[in-house]
Amino acid sequence: MAAFLRSKCSSVGRTLMGSLGNNLYGGVNSSVESVTRPSHCDAITQQIRTFIQMRTNLKVVDNSGAKRVMCIQSLRGKKGARLGDMIIGSVKEAQPRGKVKKGEVVYGVVVRAAMKKGRNDGSEIQFDDNAIVLVNNKGELIGTRVFGPVPHELRKKKHLKILALAEHIV
Amino acid sequence: MRLEKCWFCSSTVYPGHGIQFVRNDAKVFRFCRSKCHKNFKMKRNPRKVKWTKAYRRLRGKDMTQDSTFEFERKRNRPERYDRNVTEQTLKAIPLITKIRHERQKTHISDRQKQGKSKQREKDAKEVEQDFHMLPKMLQETKVKVRVTQQQTEDNVMEE
């Protein structure tokens, strides 16, 4: 069935099909799939980046106190969250004196995603890692600083505070 | 809209093509196609990969300095729209491209000339050495050519 879908929709963006195909094959729980190519890459596997789903570990890039958050629910999309979406996560690792403690359930906005995001001009952008910024359920920031580059997709999603605090907007 | 350069092969990335990769130090790498992107992921150095512009310019295979490159320099300040200026620019662009291509071609052919002359010398030497291996007809013509060459040389020396 997946093969049929692939042949039918060859004109549709390959990345979309690729991630769809992965999800059909690999089950919901795998967020990154390794496809080993022979000879050319030696030990390096080509990773096909997918959505941010349940169990995805994300880096926290603000000064709210948390360091690592595990996604427990994506608030947008059946397959998972992408760049600019909001997720619910459980804090797995936190700094000793911070606003957020380990084990807390928090909301977060995805500011960097390893999965390609298409832009209106036709280009695609991808980041090095998956990173979030913690917010409360109304969408207001918990921390007061944001580290690292941030895409301007957040402007459309109305996360203007994050853009204001960002070091570098891409 | 802006035409970018691919980080790996230095070709132009037109709108709707390619992927931008943003590293955590906020450096943006643009790639024109997945070939360049995959080479980057393999951590290959473009200066060592033979088909990239970086390699070719480094080894002097392609023209590096020329006044035609100045026209393509990146300008960050937007220019106020002026109809005449736009018209002149649009007329000039194909001319400049043509001139640049011509100059690049001459650069490459100049570079290859040395090789060509060396090749001719080598071929002449081989004909001299292995003269007996040539088919009979060719031997006769070669002898004729040799004789006429000798005559012209003698004439020159006499003069």
# chains A, B, ... in the order shown; residues from 1 in each chain; ligands from 1
call {"tool": "residues_around", "arguments": {"residues": "region 113-129 of chain B", "least_positions_apart": "4", "cutoff": "10 Å", "atoms": "only C-alpha atoms", "output": "ChimeraX atom specification"}}
result
/B:108-109,133-134,139,142
call {"tool": "residues_around", "arguments": {"residues": "region 152-168 of chain A", "least_positions_apart": "5", "cutoff": "7 Å", "atoms": "only C-alpha atoms", "output": "ChimeraX atom specification"}}
result
/A:84,145-147 /B:26
call {"tool": "closest_atom_pairs", "arguments": {"of": "chain B", "to": "chain A", "cutoff": "12 Å", "atoms": "only C-alpha atoms", "output": "JSON lines"}}
result
{"residue": "B:Met1", "atom": "CA", "partner": "A:Asp121", "partner_atom": "CA", "distance": 8.3}
{"residue": "B:Arg2", "atom": "CA", "partner": "A:Asp121", "partner_atom": "CA", "distance": 10.4}
{"residue": "B:Leu3", "atom": "CA", "partner": "A:Ser123", "partner_atom": "CA", "distance": 11.7}
{"residue": "B:Glu4", "atom": "CA", "partner": "A:Ser123", "partner_atom": "CA", "distance": 11.3}
{"residue": "B:Val13", "atom": "CA", "partner": "A:Ser123", "partner_atom": "CA", "distance": 9.6}
{"residue": "B:Tyr14", "atom": "CA", "partner": "A:Ser123", "partner_atom": "CA", "distance": 9.1}
{"residue": "B:Pro15", "atom": "CA", "partner": "A:Asp121", "partner_atom": "CA", "distance": 6.3}
{"residue": "B:Gly16", "atom": "CA", "partner": "A:Gly122", "partner_atom": "CA", "distance": 3.8}
{"residue": "B:His17", "atom": "CA", "partner": "A:Ser123", "partner_atom": "CA", "distance": 5.8}
{"residue": "B:Gly18", "atom": "CA", "partner": "A:Ser123", "partner_atom": "CA", "distance": 6.1}
{"residue": "B:Ile19", "atom": "CA", "partner": "A:Glu124", "partner_atom": "CA", "distance": 4.8}
{"residue": "B:Gln20", "atom": "CA", "partner": "A:Ile125", "partner_atom": "CA", "distance": 4.6}
{"residue": "B:Phe21", "atom": "CA", "partner": "A:Gln126", "partner_atom": "CA", "distance": 5.0}
{"residue": "B:Val22", "atom": "CA", "partner": "A:Phe127", "partner_atom": "CA", "distance": 4.8}
{"residue": "B:Arg23", "atom": "CA", "partner": "A:Asp128", "partner_atom": "CA", "distance": 5.4}
{"residue": "B:Asn24", "atom": "CA", "partner": "A:Gly148", "partner_atom": "CA", "distance": 5.9}
{"residue": "B:Asp25", "atom": "CA", "partner": "A:Gly148", "partner_atom": "CA", "distance": 6.6}
{"residue": "B:Ala26", "atom": "CA", "partner": "A:Pro149", "partner_atom": "CA", "distance": 5.1}
{"residue": "B:Lys27", "atom": "CA", "partner": "A:Pro149", "partner_atom": "CA", "distance": 8.7}
{"residue": "B:Val28", "atom": "CA", "partner": "A:Val170", "partner_atom": "CA", "distance": 8.0}
{"residue": "B:Phe29", "atom": "CA", "partner": "A:Ile125", "partner_atom": "CA", "distance": 9.7}
{"residue": "B:Arg30", "atom": "CA", "partner": "A:Ile125", "partner_atom": "CA", "distance": 9.1}
{"residue": "B:Phe31", "atom": "CA", "partner": "A:Glu124", "partner_atom": "CA", "distance": 10.1}
{"residue": "B:Cys32", "atom": "CA", "partner": "A:Ser123", "partner_atom": "CA", "distance": 10.1}
{"residue": "B:Arg33", "atom": "CA", "partner": "A:Ser123", "partner_atom": "CA", "distance": 11.0}
{"residue": "B:Ser34", "atom": "CA", "partner": "A:Glu124", "partner_atom": "CA", "distance": 11.7}
{"residue": "B:His37", "atom": "CA", "partner": "A:Gln46", "partner_atom": "CA", "distance": 11.3}
{"residue": "B:Lys38", "atom": "CA", "partner": "A:Gln46", "partner_atom": "CA", "distance": 8.6}
{"residue": "B:Asn39", "atom": "CA", "partner": "A:Cys41", "partner_atom": "CA", "distance": 9.6}
{"residue": "B:Phe40", "atom": "CA", "partner": "A:Cys41", "partner_atom": "CA", "distance": 11.7}
{"residue": "B:Lys41", "atom": "CA", "partner": "A:Gln46", "partner_atom": "CA", "distance": 8.5}
{"residue": "B:Met42", "atom": "CA", "partner": "A:Cys41", "partner_atom": "CA", "distance": 7.0}
{"residue": "B:Lys43", "atom": "CA", "partner": "A:Ile44", "partner_atom": "CA", "distance": 10.2}
{"residue": "B:Arg44", "atom": "CA", "partner": "A:Cys41", "partner_atom": "CA", "distance": 11.0}
call {"tool": "write_last_selection", "arguments": {"atoms": "C-alpha atoms", "output": "tab-separated table (two decimals), in the first residue's frame"}}
result
chain	number	residue	atom	x	y	z
B	1	MET	CA	14.22	37.21	-3.86
B	2	ARG	CA	17.93	36.57	-3.86
B	3	LEU	CA	20.12	34.20	-5.83
B	4	GLU	CA	22.39	32.47	-3.37
B	13	VAL	CA	20.71	28.39	-5.97
B	14	TYR	CA	17.55	29.66	-7.62
B	15	PRO	CA	14.33	30.18	-5.65
B	16	GLY	CA	12.50	26.94	-5.04
B	17	HIS	CA	15.63	24.84	-5.12
B	18	GLY	CA	17.86	23.39	-2.51
B	19	ILE	CA	18.03	23.17	1.24
B	20	GLN	CA	19.30	25.56	3.88
B	21	PHE	CA	20.96	23.97	6.86
B	22	VAL	CA	21.32	26.10	9.99
B	23	ARG	CA	23.99	25.05	12.41
B	24	ASN	CA	23.66	25.84	16.09
B	25	ASP	CA	26.22	28.61	15.84
B	26	ALA	CA	23.71	30.28	13.49
B	27	LYS	CA	25.82	29.71	10.39
B	28	VAL	CA	23.59	29.01	7.39
B	29	PHE	CA	24.75	26.57	4.72
B	30	ARG	CA	22.89	26.66	1.46
B	31	PHE	CA	22.99	23.77	-0.96
B	32	CYS	CA	21.83	23.72	-4.53
B	33	ARG	CA	20.93	20.04	-4.59
B	34	SER	CA	21.04	16.92	-2.51
B	37	HIS	CA	24.03	18.40	0.84
B	38	LYS	CA	25.05	14.77	1.12
B	39	ASN	CA	28.69	15.57	0.51
B	40	PHE	CA	28.49	18.14	3.27
B	41	LYS	CA	26.96	15.61	5.63
B	42	MET	CA	29.83	13.28	4.81
B	43	LYS	CA	32.09	16.08	6.03
B	44	ARG	CA	33.90	16.38	2.73
call {"tool": "residues_around", "arguments": {"residues": "Phe71 (chain B)", "least_positions_apart": "3", "cutoff": "10 Å", "atoms": "only C-alpha atoms", "output": "list in words"}}
result
Ser67, Thr68, Lys74, Ile93 and Ile96 of chain B
call {"tool": "write_last_selection", "arguments": {"atoms": "N, CA and C atoms", "output": "compact mmCIF listing (two decimals), in the first residue's frame"}}
result
# COMPACT_ATOMS: atom_id res chain seq x y z
N SER B 67 37.45 41.64 -13.65
CA SER B 67 36.54 42.75 -13.36
C SER B 67 35.08 42.36 -13.52
N THR B 68 34.80 41.32 -14.31
CA THR B 68 33.40 40.91 -14.49
C THR B 68 32.81 40.33 -13.21
N LYS B 74 27.90 40.88 -3.59
CA LYS B 74 26.67 40.92 -2.80
C LYS B 74 26.46 42.33 -2.25
N ILE B 93 23.20 42.64 -18.15
CA ILE B 93 23.46 41.31 -17.57
C ILE B 93 23.88 40.27 -18.61
N ILE B 96 27.46 41.02 -19.89
CA ILE B 96 28.52 40.72 -18.93
C ILE B 96 28.74 39.22 -18.82
call {"tool": "atom_distance", "arguments": {"atom1": "CA of Arg100 (chain B)", "atom2": "CA of Gly60 (chain B)"}}
result
16.2 Å
call {"tool": "select_by_dssp", "arguments": {"residues": "chain B", "states": "strand (DSSP E)", "output": "list of chain:residue names"}}
result
B:Glu4, B:Lys5, B:Thr12, B:Val13, B:Ile19, B:Gln20, B:Phe21, B:Val22, B:Val28, B:Phe29, B:Arg30, B:Phe31
call {"tool": "residues_around", "arguments": {"residues": "Gly89 (chain A)", "least_positions_apart": "5", "cutoff": "6 Å", "atoms": "only C-alpha atoms", "output": "PyMOL selection string"}}
result
chain A and resi 69-72+105-106
call {"tool": "write_last_selection", "arguments": {"atoms": "C-alpha atoms", "output": "PDB file, in the first residue's frame"}}
result
ATOM      1  CA  VAL A  69      12.370  17.595  27.914  1.00  0.00           C
ATOM      2  CA  MET A  70      10.701  14.477  26.586  1.00  0.00           C
ATOM      3  CA  CYS A  71       7.681  15.093  24.418  1.00  0.00           C
ATOM      4  CA  ILE A  72       4.547  13.381  25.672  1.00  0.00           C
ATOM      5  CA  VAL A 105       4.808  18.564  32.856  1.00  0.00           C
ATOM      6  CA  VAL A 106       5.376  21.640  30.720  1.00  0.00           C
TER       7      VAL A 106
END
call {"tool": "closest_residue", "arguments": {"among": "B:Trp7, B:Thr141, B:Glu72, B:Lys98", "to": "Asn45 (chain B)", "atoms": "only C-alpha atoms"}}
result
B:Trp7
call {"tool": "residues_around", "arguments": {"residues": "region 54-56 of chain B", "least_positions_apart": "3", "cutoff": "12 Å", "atoms": "only C-alpha atoms", "output": "PyMOL selection string"}}
result
chain B and resi 5-11+45-51+59-64+108
call {"tool": "atom_distance", "arguments": {"atom1": "CA of Gly98 (chain A)", "atom2": "CA of Phe51 (chain A)"}}
result
28.6 Å
